[in-house]
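Shown next: final_5.txt, given as compact mmCIF, C-alpha atoms and all ligand atoms.
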```txt
# COMPACT_ATOMS: atom_id res chain seq x y z
CA MET A 1 56.98 -112.48 153.58
CA SER A 2 60.10 -112.64 151.38
CA SER A 3 61.79 -114.94 153.90
CA THR A 4 59.63 -117.88 152.78
CA ILE A 5 60.45 -117.59 149.04
CA GLY A 6 62.15 -120.75 147.82
CA GLN A 7 61.64 -122.45 151.21
CA VAL A 8 59.32 -125.22 152.28
CA ILE A 9 56.46 -123.69 154.30
CA ARG A 10 55.02 -125.58 157.27
CA CYS A 11 51.38 -124.65 157.83
CA LYS A 12 47.96 -126.04 158.74
CA ALA A 13 45.83 -127.95 156.27
CA ALA A 14 42.60 -129.93 156.62
CA VAL A 15 43.45 -133.41 155.37
CA ALA A 16 40.84 -135.90 154.16
CA TRP A 17 42.45 -139.20 155.15
CA GLU A 18 39.53 -141.45 154.24
CA ALA A 19 36.21 -141.24 152.40
CA GLY A 20 33.45 -139.78 154.55
CA LYS A 21 35.62 -139.36 157.69
CA PRO A 22 35.92 -135.88 159.27
CA LEU A 23 38.84 -133.83 157.96
CA VAL A 24 41.82 -133.55 160.33
CA ILE A 25 43.78 -130.32 160.75
CA GLU A 26 47.42 -131.34 160.31
CA GLU A 27 50.74 -129.57 159.97
CA VAL A 28 51.81 -130.06 156.35
CA GLU A 29 54.87 -129.10 154.36
CA VAL A 30 54.19 -127.08 151.22
CA ALA A 31 57.05 -127.17 148.69
CA PRO A 32 58.00 -124.03 146.73
CA PRO A 33 56.24 -123.49 143.39
CA GLN A 34 57.92 -125.07 140.36
CA LYS A 35 57.80 -124.05 136.69
CA MET A 36 54.58 -122.12 135.86
CA GLU A 37 53.31 -122.56 139.43
CA VAL A 38 52.35 -120.10 142.13
CA ARG A 39 52.23 -120.53 145.90
CA VAL A 40 49.21 -118.79 147.39
CA LYS A 41 48.33 -117.91 150.97
CA ILE A 42 44.64 -118.72 151.30
CA HIS A 43 42.68 -116.19 153.36
CA PHE A 44 39.13 -117.49 152.90
CA THR A 45 37.70 -120.62 151.37
CA SER A 46 34.17 -121.94 151.09
CA LEU A 47 32.58 -125.31 150.66
CA CYS A 48 30.87 -126.44 147.44
CA HIS A 49 28.97 -129.68 146.74
CA THR A 50 31.81 -130.97 144.58
CA ASP A 51 34.12 -131.08 147.63
CA VAL A 52 31.51 -133.14 149.47
CA TYR A 53 31.03 -135.54 146.52
CA PHE A 54 34.79 -136.27 146.36
CA TRP A 55 35.06 -136.51 150.11
CA GLU A 56 32.20 -139.05 150.19
CA ALA A 57 33.75 -140.73 147.10
CA LYS A 58 30.52 -142.55 146.25
CA GLY A 59 30.79 -143.08 142.50
CA GLN A 60 34.03 -141.08 142.27
CA ASN A 61 37.49 -142.63 142.19
CA PRO A 62 38.70 -142.49 145.79
CA LEU A 63 42.03 -140.67 146.09
CA PHE A 64 43.27 -140.21 149.66
CA PRO A 65 44.88 -138.67 151.62
CA ARG A 66 43.85 -135.50 149.88
CA ILE A 67 43.47 -131.78 150.55
CA LEU A 68 40.08 -130.73 149.15
CA GLY A 69 38.74 -127.22 148.54
CA HIS A 70 38.32 -125.19 145.37
CA GLU A 71 36.41 -121.98 146.17
CA ALA A 72 38.78 -119.49 147.74
CA GLY A 73 40.48 -116.13 147.80
CA GLY A 74 44.14 -115.60 148.58
CA VAL A 75 47.33 -113.64 148.07
CA VAL A 76 50.38 -114.74 146.06
CA GLU A 77 53.33 -115.64 148.32
CA SER A 78 55.85 -116.58 145.62
CA VAL A 79 55.99 -117.60 141.96
CA GLY A 80 57.91 -120.32 140.14
CA GLU A 81 60.03 -120.19 136.97
CA GLY A 82 58.30 -118.75 133.92
CA VAL A 83 55.51 -116.94 135.79
CA THR A 84 55.41 -113.37 134.51
CA ASP A 85 51.88 -112.13 135.02
CA LEU A 86 51.60 -112.69 138.78
CA ALA A 87 53.85 -111.43 141.57
CA PRO A 88 53.97 -111.73 145.37
CA GLY A 89 51.16 -109.67 146.91
CA ASP A 90 48.70 -110.09 144.02
CA HIS A 91 45.16 -111.04 145.05
CA VAL A 92 43.89 -114.16 143.31
CA LEU A 93 40.97 -116.59 143.10
CA PRO A 94 42.02 -120.20 142.40
CA VAL A 95 39.77 -121.92 139.83
CA PHE A 96 39.20 -125.69 139.36
CA THR A 97 39.61 -125.32 135.61
CA GLY A 98 42.18 -123.21 133.83
CA GLU A 99 43.27 -121.10 130.92
CA CYS A 100 46.72 -121.77 129.45
CA LYS A 101 46.18 -119.06 126.80
CA GLU A 102 47.95 -121.20 124.18
CA CYS A 103 45.73 -124.16 123.21
CA ALA A 104 43.01 -124.14 120.53
CA HIS A 105 40.28 -123.70 123.17
CA CYS A 106 42.03 -120.79 124.86
CA LYS A 107 42.59 -119.14 121.47
CA SER A 108 38.94 -119.60 120.51
CA GLU A 109 36.58 -116.86 121.63
CA GLU A 110 33.86 -119.49 121.91
CA SER A 111 35.40 -121.97 124.34
CA ASN A 112 36.65 -122.06 127.92
CA MET A 113 37.58 -125.75 127.86
CA CYS A 114 41.36 -125.43 127.99
CA ASP A 115 43.16 -128.57 126.76
CA LEU A 116 45.94 -128.33 129.33
CA LEU A 117 44.10 -127.24 132.47
CA ARG A 118 40.48 -128.40 132.05
CA ILE A 119 39.19 -129.98 135.29
CA ASN A 120 40.66 -133.41 135.99
CA THR A 121 39.21 -134.85 139.18
CA ASP A 122 41.38 -137.99 139.07
CA ARG A 123 44.70 -136.11 139.07
CA GLY A 124 46.11 -135.51 142.53
CA VAL A 125 49.51 -134.12 141.48
CA MET A 126 50.98 -131.12 139.64
CA ILE A 127 51.16 -131.28 135.84
CA HIS A 128 54.80 -130.12 135.67
CA ASP A 129 56.42 -133.16 137.30
CA GLY A 130 53.56 -135.45 138.32
CA LYS A 131 54.34 -134.85 142.01
CA SER A 132 52.46 -133.38 144.95
CA ARG A 133 53.66 -130.17 146.63
CA PHE A 134 52.08 -131.26 149.95
CA SER A 135 53.61 -133.72 152.39
CA ILE A 136 53.52 -134.82 156.01
CA ASN A 137 56.86 -136.27 157.23
CA GLY A 138 57.81 -136.99 153.64
CA LYS A 139 54.55 -138.79 152.79
CA PRO A 140 52.82 -137.03 149.86
CA ILE A 141 49.25 -135.75 150.23
CA PHE A 142 47.23 -135.49 147.01
CA HIS A 143 45.94 -132.26 145.47
CA PHE A 144 42.30 -131.76 144.42
CA VAL A 145 41.25 -130.19 141.07
CA GLY A 146 44.51 -128.24 141.00
CA THR A 147 43.44 -125.94 143.85
CA SER A 148 43.43 -127.67 147.32
CA THR A 149 42.32 -124.56 149.15
CA PHE A 150 41.69 -126.21 152.56
CA SER A 151 45.29 -125.31 153.43
CA GLU A 152 46.87 -122.08 154.68
CA TYR A 153 49.21 -122.28 151.68
CA THR A 154 48.67 -124.10 148.40
CA VAL A 155 50.46 -124.42 145.06
CA VAL A 156 48.44 -123.78 141.88
CA HIS A 157 49.27 -123.68 138.16
CA VAL A 158 49.40 -120.03 137.07
CA GLY A 159 46.68 -120.80 134.49
CA CYS A 160 44.21 -121.61 137.28
CA LEU A 161 44.50 -118.25 139.05
CA ALA A 162 42.36 -115.20 138.31
CA LYS A 163 44.14 -111.98 139.33
CA ILE A 164 41.53 -109.72 140.88
CA ASN A 165 41.11 -106.18 142.18
CA PRO A 166 43.13 -105.98 145.44
CA LEU A 167 40.36 -103.84 146.95
CA ALA A 168 37.79 -106.64 146.61
CA PRO A 169 37.03 -108.24 150.01
CA LEU A 170 38.30 -111.82 149.80
CA ASP A 171 35.75 -113.04 152.36
CA LYS A 172 32.99 -112.17 149.86
CA VAL A 173 34.49 -112.69 146.39
CA CYS A 174 35.96 -116.11 147.23
CA VAL A 175 32.61 -117.64 146.21
CA VAL A 176 33.11 -116.35 142.66
CA SER A 177 35.70 -119.15 142.22
CA CYS A 178 33.11 -121.81 141.34
CA GLY A 179 29.36 -122.16 141.94
CA ILE A 180 28.27 -118.54 141.66
CA SER A 181 30.13 -117.97 138.40
CA THR A 182 28.73 -121.20 136.98
CA GLY A 183 25.10 -120.17 137.47
CA LEU A 184 25.63 -116.50 136.70
CA GLY A 185 27.51 -117.22 133.47
CA ALA A 186 24.96 -119.84 132.38
CA THR A 187 22.39 -117.05 132.26
CA LEU A 188 24.47 -114.02 131.24
CA ASN A 189 26.86 -115.70 128.79
CA VAL A 190 24.82 -118.58 127.39
CA ALA A 191 21.05 -118.09 127.85
CA LYS A 192 21.40 -114.30 127.34
CA PRO A 193 17.85 -113.26 128.27
CA LYS A 194 16.69 -109.92 126.91
CA LYS A 195 15.42 -107.16 129.17
CA GLY A 196 11.77 -107.79 130.03
CA SER A 197 11.89 -111.48 129.13
CA SER A 198 10.81 -114.56 131.10
CA VAL A 199 13.32 -117.04 132.54
CA ALA A 200 12.67 -120.37 134.28
CA VAL A 201 15.34 -121.67 136.67
CA PHE A 202 15.21 -125.37 137.55
CA GLY A 203 16.84 -126.16 140.91
CA LEU A 204 17.23 -123.41 143.51
CA GLY A 205 20.52 -124.42 145.13
CA ALA A 206 23.46 -122.00 145.07
CA VAL A 207 24.05 -122.57 141.35
CA GLY A 208 20.37 -122.06 140.40
CA LEU A 209 20.09 -118.96 142.59
CA ALA A 210 23.18 -117.57 140.86
CA ALA A 211 21.42 -118.25 137.54
CA ALA A 212 18.40 -116.32 138.89
CA GLU A 213 20.75 -113.52 139.96
CA GLY A 214 21.98 -113.42 136.35
CA ALA A 215 18.39 -113.15 135.13
CA ARG A 216 17.76 -110.29 137.57
CA ILE A 217 20.91 -108.49 136.38
CA ALA A 218 19.83 -109.00 132.74
CA GLY A 219 16.51 -107.31 133.55
CA ALA A 220 14.20 -110.32 133.13
CA SER A 221 10.67 -109.38 134.20
CA ARG A 222 9.51 -112.87 135.18
CA ILE A 223 11.82 -115.36 136.89
CA ILE A 224 10.09 -118.67 137.54
CA GLY A 225 11.82 -120.89 140.10
CA VAL A 226 11.19 -124.64 139.84
CA ASP A 227 12.18 -126.94 142.71
CA LEU A 228 10.91 -130.15 144.32
CA ASN A 229 11.65 -128.63 147.72
CA SER A 230 9.20 -125.81 148.52
CA ASN A 231 11.45 -124.65 151.39
CA ARG A 232 13.70 -123.20 148.71
CA PHE A 233 11.08 -120.68 147.59
CA GLU A 234 11.39 -118.31 150.55
CA ILE A 235 15.13 -117.77 150.11
CA ALA A 236 14.76 -117.55 146.32
CA LYS A 237 12.65 -114.39 146.67
CA LYS A 238 15.81 -112.52 147.64
CA PHE A 239 17.28 -113.47 144.27
CA GLY A 240 14.53 -111.88 142.24
CA VAL A 241 12.53 -115.07 141.66
CA THR A 242 8.96 -113.87 141.07
CA GLU A 243 7.00 -117.14 140.79
CA PHE A 244 7.43 -120.67 142.04
CA VAL A 245 6.47 -124.06 140.71
CA ASN A 246 6.84 -127.31 142.60
CA PRO A 247 6.37 -130.10 140.01
CA LYS A 248 4.96 -132.31 142.81
CA ASP A 249 1.91 -130.01 143.13
CA TYR A 250 0.63 -130.90 139.63
CA ASN A 251 -0.49 -134.07 137.93
CA LYS A 252 0.86 -133.00 134.55
CA PRO A 253 4.42 -132.39 133.35
CA VAL A 254 5.93 -129.17 134.66
CA GLN A 255 6.70 -128.02 131.11
CA GLU A 256 2.95 -127.91 130.46
CA VAL A 257 2.37 -125.93 133.65
CA ILE A 258 5.01 -123.40 132.60
CA ALA A 259 3.65 -123.17 129.04
CA GLU A 260 0.22 -122.31 130.48
CA MET A 261 1.69 -119.69 132.81
CA THR A 262 3.62 -117.98 130.01
CA ASN A 263 1.39 -118.15 126.95
CA GLY A 264 3.36 -120.90 125.21
CA GLY A 265 6.65 -121.09 127.08
CA VAL A 266 9.44 -119.11 128.69
CA ASP A 267 11.98 -117.17 126.63
CA ARG A 268 14.90 -118.83 128.44
CA SER A 269 15.40 -121.65 130.92
CA VAL A 270 18.44 -122.69 132.95
CA GLU A 271 18.63 -126.17 134.49
CA CYS A 272 20.67 -126.44 137.72
CA THR A 273 19.53 -129.76 139.24
CA GLY A 274 21.60 -132.51 137.61
CA HIS A 275 18.41 -134.59 137.18
CA ILE A 276 17.57 -135.83 133.72
CA ASP A 277 13.80 -135.31 133.99
CA ALA A 278 14.38 -131.67 134.97
CA MET A 279 16.75 -131.29 132.00
CA ILE A 280 14.09 -132.53 129.59
CA SER A 281 11.42 -130.31 131.19
CA ALA A 282 13.77 -127.30 131.06
CA PHE A 283 14.17 -127.80 127.33
CA GLU A 284 10.54 -128.50 126.53
CA CYS A 285 9.25 -125.51 128.55
CA VAL A 286 10.86 -122.88 126.33
CA HIS A 287 8.80 -121.03 123.72
CA ASP A 288 8.93 -122.28 120.15
CA GLY A 289 10.50 -119.92 117.62
CA TRP A 290 13.04 -118.37 120.00
CA GLY A 291 13.31 -120.22 123.32
CA VAL A 292 16.76 -121.25 124.57
CA ALA A 293 17.42 -123.79 127.34
CA VAL A 294 20.81 -124.15 129.05
CA LEU A 295 21.89 -127.27 130.96
CA VAL A 296 24.23 -126.73 133.90
CA GLY A 297 23.61 -129.69 136.24
CA VAL A 298 25.95 -132.68 136.08
CA PRO A 299 23.79 -135.76 135.27
CA HIS A 300 24.13 -139.36 136.41
CA LYS A 301 26.64 -141.03 134.07
CA ASP A 302 24.00 -143.33 132.51
CA ALA A 303 21.38 -140.60 131.93
CA VAL A 304 19.99 -140.23 128.39
CA PHE A 305 18.27 -137.08 127.12
CA LYS A 306 15.08 -137.99 125.23
CA THR A 307 12.85 -135.51 123.43
CA SER A 308 10.99 -135.25 120.12
CA PRO A 309 13.17 -133.82 117.32
CA LEU A 310 10.11 -131.74 116.45
CA ASN A 311 11.08 -129.49 119.36
CA PHE A 312 14.21 -128.53 117.43
CA LEU A 313 12.30 -128.12 114.15
CA ASN A 314 10.00 -125.79 116.08
CA GLU A 315 13.07 -123.68 116.81
CA LYS A 316 13.67 -124.42 120.44
CA THR A 317 17.41 -124.35 121.18
CA LEU A 318 19.26 -126.56 123.66
CA LYS A 319 22.69 -125.61 125.00
CA GLY A 320 24.98 -126.67 127.82
CA THR A 321 27.73 -124.89 129.68
CA PHE A 322 30.87 -125.57 131.65
CA TYR A 323 31.75 -123.01 134.33
CA GLY A 324 29.26 -120.54 132.87
CA ASN A 325 31.46 -120.24 129.76
CA TYR A 326 33.85 -117.99 131.69
CA LYS A 327 37.57 -118.18 130.92
CA PRO A 328 39.13 -118.12 134.40
CA ARG A 329 41.94 -115.61 133.82
CA SER A 330 40.34 -113.42 131.16
CA ASP A 331 36.79 -113.17 132.49
CA ILE A 332 36.64 -113.79 136.26
CA PRO A 333 38.28 -110.45 137.22
CA ALA A 334 35.30 -108.74 135.55
CA VAL A 335 32.82 -110.78 137.63
CA VAL A 336 34.59 -109.45 140.73
CA GLU A 337 34.16 -105.94 139.28
CA GLN A 338 30.43 -106.61 138.87
CA TYR A 339 30.36 -107.19 142.62
CA MET A 340 32.46 -104.06 143.27
CA ASN A 341 30.02 -102.03 141.12
CA LYS A 342 27.12 -103.38 143.21
CA GLU A 343 25.58 -105.03 140.17
CA LEU A 344 26.17 -108.56 141.47
CA GLU A 345 24.96 -109.13 145.05
CA LEU A 346 27.15 -111.76 146.70
CA GLU A 347 26.19 -111.20 150.35
CA LYS A 348 22.89 -113.04 149.97
CA PHE A 349 24.77 -116.25 149.12
CA LEU A 350 26.89 -116.07 152.29
CA THR A 351 24.75 -117.69 154.96
CA HIS A 352 27.33 -119.10 157.39
CA GLU A 353 30.90 -118.60 158.56
CA VAL A 354 33.22 -120.90 160.57
CA PRO A 355 36.87 -120.74 161.65
CA PHE A 356 39.24 -123.12 159.84
CA SER A 357 39.51 -125.22 163.00
CA GLU A 358 35.78 -126.01 162.65
CA ILE A 359 35.77 -126.81 158.93
CA ASN A 360 33.83 -130.05 159.55
CA LYS A 361 30.85 -127.90 160.62
CA ALA A 362 30.68 -126.56 157.07
CA PHE A 363 30.36 -130.16 155.84
CA ASP A 364 27.57 -130.83 158.36
CA LEU A 365 25.64 -127.76 157.19
CA MET A 366 25.89 -128.79 153.54
CA LEU A 367 24.86 -132.38 154.29
CA LYS A 368 21.82 -131.04 156.16
CA GLY A 369 21.02 -128.75 153.21
CA GLU A 370 21.25 -125.68 155.43
CA GLY A 371 22.19 -122.35 153.88
CA LEU A 372 24.00 -121.66 150.61
CA ARG A 373 27.64 -120.89 151.25
CA CYS A 374 29.68 -121.28 154.43
CA ILE A 375 32.81 -119.12 154.51
CA ILE A 376 35.81 -120.70 156.23
CA ARG A 377 38.24 -118.17 157.78
CA MET A 378 41.79 -119.43 157.56
CA ASP A 379 43.19 -117.14 160.25
CA ALA A 380 40.84 -118.35 162.96
P1 LIG A 401 21.93 -128.23 145.06
O1 LIG A 401 21.78 -129.67 145.39
O2 LIG A 401 22.19 -127.26 146.16
O3 LIG A 401 20.58 -127.72 144.37
C1 LIG A 401 19.85 -128.49 143.48
C2 LIG A 401 18.36 -128.17 143.67
O4 LIG A 401 17.64 -128.87 142.64
C3 LIG A 401 17.78 -128.62 145.01
O5 LIG A 401 17.14 -127.53 145.65
C4 LIG A 401 16.80 -129.73 144.63
O6 LIG A 401 15.65 -129.76 145.47
C5 LIG A 401 16.44 -129.35 143.20
N1 LIG A 401 15.97 -130.45 142.36
C6 LIG A 401 16.45 -131.71 142.29
N2 LIG A 401 15.78 -132.41 141.36
C7 LIG A 401 14.87 -131.60 140.82
C8 LIG A 401 13.88 -131.73 139.80
N3 LIG A 401 13.71 -132.89 139.15
N4 LIG A 401 13.13 -130.66 139.50
C9 LIG A 401 13.28 -129.50 140.16
N5 LIG A 401 14.20 -129.29 141.12
C10 LIG A 401 14.98 -130.33 141.45
O7 LIG A 401 23.02 -128.16 143.91
P2 LIG A 401 23.96 -126.94 143.42
O8 LIG A 401 25.20 -126.89 144.22
O9 LIG A 401 23.14 -125.70 143.29
O10 LIG A 401 24.40 -127.48 141.97
C11 LIG A 401 23.43 -127.67 140.95
C12 LIG A 401 24.00 -128.50 139.82
O11 LIG A 401 25.03 -127.80 139.13
C13 LIG A 401 24.66 -129.83 140.26
O12 LIG A 401 24.26 -130.86 139.37
C14 LIG A 401 26.13 -129.53 140.12
O13 LIG A 401 26.88 -130.71 139.92
C15 LIG A 401 26.12 -128.65 138.90
N6 LIG A 401 27.35 -127.88 138.61
C16 LIG A 401 27.69 -127.75 137.28
C17 LIG A 401 28.81 -127.02 136.91
C18 LIG A 401 29.14 -126.84 135.44
O14 LIG A 401 30.19 -126.27 135.11
N7 LIG A 401 28.28 -127.27 134.50
C19 LIG A 401 29.60 -126.42 137.91
C20 LIG A 401 29.22 -126.54 139.28
C21 LIG A 401 28.07 -127.27 139.61
ZN ZN A 402 44.33 -123.75 127.12
```

Please, can you express the file's structure as structure tokens?
Amino acid sequence: MSSTIGQVIRCKAAVAWEAGKPLVIEEVEVAPPQKMEVRVKIHFTSLCHTDVYFWEAKGQNPLFPRILGHEAGGVVESVGEGVTDLAPGDHVLPVFTGECKECAHCKSEESNMCDLLRINTDRGVMIHDGKSRFSINGKPIFHFVGTSTFSEYTVVHVGCLAKINPLAPLDKVCVVSCGISTGLGATLNVAKPKKGSSVAVFGLGAVGLAAAEGARIAGASRIIGVDLNSNRFEIAKKFGVTEFVNPKDYNKPVQEVIAEMTNGGVDRSVECTGHIDAMISAFECVHDGWGVAVLVGVPHKDAVFKTSPLNFLNEKTLKGTFYGNYKPRSDIPAVVEQYMNKELELEKFLTHEVPFSEINKAFDLMLKGEGLRCIIRMDA
């Protein structure tokens, strides 16, 4: 391994050359890590909706050619100048947002929105010198959210790497990088349901099911899943969801249906759809006096949240969260430990697996809405 330190590495990467066109496995050159950077050998990566949105580039700024990918597990190959808390051989999860440990957000116990390393989807280069570490015959290939995990080797800012237990299986814990932590943290860190309480989860995709998993871990006694797609209900049972509501089955607002089911409202709700009407329902369906609603979904840019201020006077609380309020370096290693302690069940999220050479199949599955997470094996 030591022979590659300081050298350019030639390896395979799946390059998105154009919006919506299948990725192409190419041989790329990966430059050595510069100041505060780490070069990581990716062992497993998985596909999340955000990769698909930026690959389709409908409504996002198109930036191509680019190496996508942001949920992954890997091993440190080498570190750049100034990196002291990671060394070759360490097991890491790259994260699309970061923790510099020096800014006001990183110093605050209440925030995970690092000034330096917060997600920037328009940046396709490294912060240190504004350049890409990937190239093909000298032509630079852009990075994606600081991670670009659809490559056998990638270069990541040290602040965007969570150092995890080396005994944790990377083919399972790679999904902790993004979606699962977002939903899990929304419930455990922000909604904070008490044991025996009731929780409504709006949207039963991977993020919503991770929110339900959080409610199960917290000991909620009723977990009400709300989705417009009734096919989601069968799989949601595995995640501890006890009751299901499809808003299409009623001719009154779903918040009224939930209030009737729960004697006035749920104790907590977590919205994981990205749709404004679901966000409003998720807020209005919580109990007055103590109910807390947490918004996770990313809305349309023109969406406006409209509700009566009386809901606030009646002591319903509305919150939102970014990445489940987890700080990537400080908190994510403990999420991996929750899996190692068998508290967090990751296997039920892992529905498919493909070799790296067939990465486009993972995109097809997601576009068809099949399964939750498809693991991509880099060595195959
Ligand atoms: P997904 O598309 O797999 O699941 C969304 C589910 O919501 C679907 O099953 C859909 O049928 C359902 N749905 C849509 N509209 C609905 C409505 N009005 N009422 C009830 N159900 C409805 O998506 P996902 O990957 O699970 O992600 C969920 C959301 O979380 C997305 O908006 C995503 O952008 C967001 N997200 C946020 C963060 C963050 O840090 N805040 C991080 C990652 C993802
Ligand atoms: Zn910071």

Would you write out, as a tab-separated table, a table of all residues in region 217-259 of chain A that have an atom no more than 12 Å from an atom of region 180-191 of chain A, listing for each the closest atom pair and the distance in Å to one decimal, considering only C-alpha atoms and ordering rows by chain and rising residue number?
```
residue	atom	partner	partner_atom	distance
A:Ile217	CA	A:Leu188	CA	8.3
A:Ala218	CA	A:Leu188	CA	7.0
A:Gly219	CA	A:Leu188	CA	10.7
A:Ala220	CA	A:Thr187	CA	10.6
A:Ile223	CA	A:Thr187	CA	11.7
A:Phe239	CA	A:Leu184	CA	11.7
```

>> I need the residue nearest ligand ZN 402 (chain A) from this list: A:Val75, A:Val40, A:Ile119, A:Val8. Use only C-alpha atoms and all ligand atoms for the distance.
In response: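 Nearest candidate to ligand ZN 402 (chain A) out of A:Val75, A:Val40, A:Ile119, A:Val8: A:Ile119.
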
> Which of these residues is nearest to Lys101 (chain A), using all atoms listed in the file: A:Ile5, A:Lys327, A:Ala13, A:Phe305?
Replying inline: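 When distances to Lys101 (chain A) are compared using all atoms listed in the file, the smallest one comes from A:Lys327.
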
> Distance atom C16 of ligand LIG 401 (chain A)-CA of Phe312 (chain A), one decimal place?
Replying inline: 24.0 Å

> Quick one, how far is CA of Gln60 (chain A) from CA of Val354 (chain A)?
Replying inline: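 Straight-line distance from CA of Gln60 (chain A) to CA of Val354 (chain A) works out to 27.3 Å.
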
Step by step, measure atom-to-atom distances between ligand LIG 401 (chain A) and each residue using all atoms listed in the file, keep those at most 6 Å, then write them as a PDB file with C-alpha atoms, in the frame of the given file.
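The result, written out as pocket-v6.pdb:
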```pdb
ATOM      1  CA  HIS A  49      28.970-129.680 146.740  1.00  0.00           C
ATOM      2  CA  GLY A 179      29.360-122.160 141.940  1.00  0.00           C
ATOM      3  CA  THR A 182      28.730-121.200 136.980  1.00  0.00           C
ATOM      4  CA  PHE A 202      15.210-125.370 137.550  1.00  0.00           C
ATOM      5  CA  GLY A 203      16.840-126.160 140.910  1.00  0.00           C
ATOM      6  CA  LEU A 204      17.230-123.410 143.510  1.00  0.00           C
ATOM      7  CA  GLY A 205      20.520-124.420 145.130  1.00  0.00           C
ATOM      8  CA  ALA A 206      23.460-122.000 145.070  1.00  0.00           C
ATOM      9  CA  VAL A 207      24.050-122.570 141.350  1.00  0.00           C
ATOM     10  CA  GLY A 208      20.370-122.060 140.400  1.00  0.00           C
ATOM     11  CA  VAL A 226      11.190-124.640 139.840  1.00  0.00           C
ATOM     12  CA  ASP A 227      12.180-126.940 142.710  1.00  0.00           C
ATOM     13  CA  LEU A 228      10.910-130.150 144.320  1.00  0.00           C
ATOM     14  CA  ASN A 229      11.650-128.630 147.720  1.00  0.00           C
ATOM     15  CA  CYS A 272      20.670-126.440 137.720  1.00  0.00           C
ATOM     16  CA  THR A 273      19.530-129.760 139.240  1.00  0.00           C
ATOM     17  CA  GLY A 274      21.600-132.510 137.610  1.00  0.00           C
ATOM     18  CA  HIS A 275      18.410-134.590 137.180  1.00  0.00           C
ATOM     19  CA  ASP A 277      13.800-135.310 133.990  1.00  0.00           C
ATOM     20  CA  ALA A 278      14.380-131.670 134.970  1.00  0.00           C
ATOM     21  CA  VAL A 296      24.230-126.730 133.900  1.00  0.00           C
ATOM     22  CA  GLY A 297      23.610-129.690 136.240  1.00  0.00           C
ATOM     23  CA  VAL A 298      25.950-132.680 136.080  1.00  0.00           C
ATOM     24  CA  THR A 321      27.730-124.890 129.680  1.00  0.00           C
ATOM     25  CA  PHE A 322      30.870-125.570 131.650  1.00  0.00           C
ATOM     26  CA  TYR A 323      31.750-123.010 134.330  1.00  0.00           C
TER      27      TYR A 323
END
```

>> Please return as a VMD selection string the residues found within 6 Å of ligand ZN 402 (chain A), counting all atoms listed in the file.
In response: chain A and resid 99 to 103 105 to 106 114 to 116

Quick one: write out the picked residues with C-alpha atoms as a PDB file, keeping the file's coordinate frame?
```pdb
ATOM      1  CA  GLU A  99      43.270-121.100 130.920  1.00  0.00           C
ATOM      2  CA  CYS A 100      46.720-121.770 129.450  1.00  0.00           C
ATOM      3  CA  LYS A 101      46.180-119.060 126.800  1.00  0.00           C
ATOM      4  CA  GLU A 102      47.950-121.200 124.180  1.00  0.00           C
ATOM      5  CA  CYS A 103      45.730-124.160 123.210  1.00  0.00           C
ATOM      6  CA  HIS A 105      40.280-123.700 123.170  1.00  0.00           C
ATOM      7  CA  CYS A 106      42.030-120.790 124.860  1.00  0.00           C
ATOM      8  CA  CYS A 114      41.360-125.430 127.990  1.00  0.00           C
ATOM      9  CA  ASP A 115      43.160-128.570 126.760  1.00  0.00           C
ATOM     10  CA  LEU A 116      45.940-128.330 129.330  1.00  0.00           C
TER      11      LEU A 116
END
```

>> Between A:Thr351, A:Thr84, A:Thr4, A:Ser221, which residue has the minimum interatomic distance to Lys35 (chain A), considering all atoms listed in the file?
In response: A:Thr84

> Could you pull the residues within 10 Å of region 128-137 of chain A, counting all atoms listed in the file, minus those fewer than 6 positions along the same chain, as an MDAnalysis selection string?
Replying inline: chainID A and resid 8:10 13 26:37 39 66:67 143 148 151 153:157

Could you take the residues named above and write them with C-alpha atoms, as a CSV table (one decimal), in the frame of the given file?
```csv
chain,number,residue,atom,x,y,z
A,8,VAL,CA,59.3,-125.2,152.3
A,9,ILE,CA,56.5,-123.7,154.3
A,10,ARG,CA,55.0,-125.6,157.3
A,13,ALA,CA,45.8,-128.0,156.3
A,26,GLU,CA,47.4,-131.3,160.3
A,27,GLU,CA,50.7,-129.6,160.0
A,28,VAL,CA,51.8,-130.1,156.4
A,29,GLU,CA,54.9,-129.1,154.4
A,30,VAL,CA,54.2,-127.1,151.2
A,31,ALA,CA,57.0,-127.2,148.7
A,32,PRO,CA,58.0,-124.0,146.7
A,33,PRO,CA,56.2,-123.5,143.4
A,34,GLN,CA,57.9,-125.1,140.4
A,35,LYS,CA,57.8,-124.0,136.7
A,36,MET,CA,54.6,-122.1,135.9
A,37,GLU,CA,53.3,-122.6,139.4
A,39,ARG,CA,52.2,-120.5,145.9
A,66,ARG,CA,43.8,-135.5,149.9
A,67,ILE,CA,43.5,-131.8,150.6
A,143,HIS,CA,45.9,-132.3,145.5
A,148,SER,CA,43.4,-127.7,147.3
A,151,SER,CA,45.3,-125.3,153.4
A,153,TYR,CA,49.2,-122.3,151.7
A,154,THR,CA,48.7,-124.1,148.4
A,155,VAL,CA,50.5,-124.4,145.1
A,156,VAL,CA,48.4,-123.8,141.9
A,157,HIS,CA,49.3,-123.7,138.2
```

>> When you look at Thr45 (chain A) with a cut-off of 8 Å (counting all atoms listed in the file), what residues show up, excluding the ones that are within fewer than 3 positions of it in the same chain? I need them as a count of residues only.
In response: 15

>> If I take CA of Phe144 (chain A) and CA of Ala87 (chain A), how far is one from the other in Å, to one decimal?
In response: 23.6 Å

> Which protein, DNA or RNA residues are at most 12 Å from (36.1, -139.0, 159.3) in the file's coordinates when you count only C-alpha atoms, listed as an MDAnalysis selection string?
Replying inline: chainID A and resid 14:25 55:56 65 360 363:364
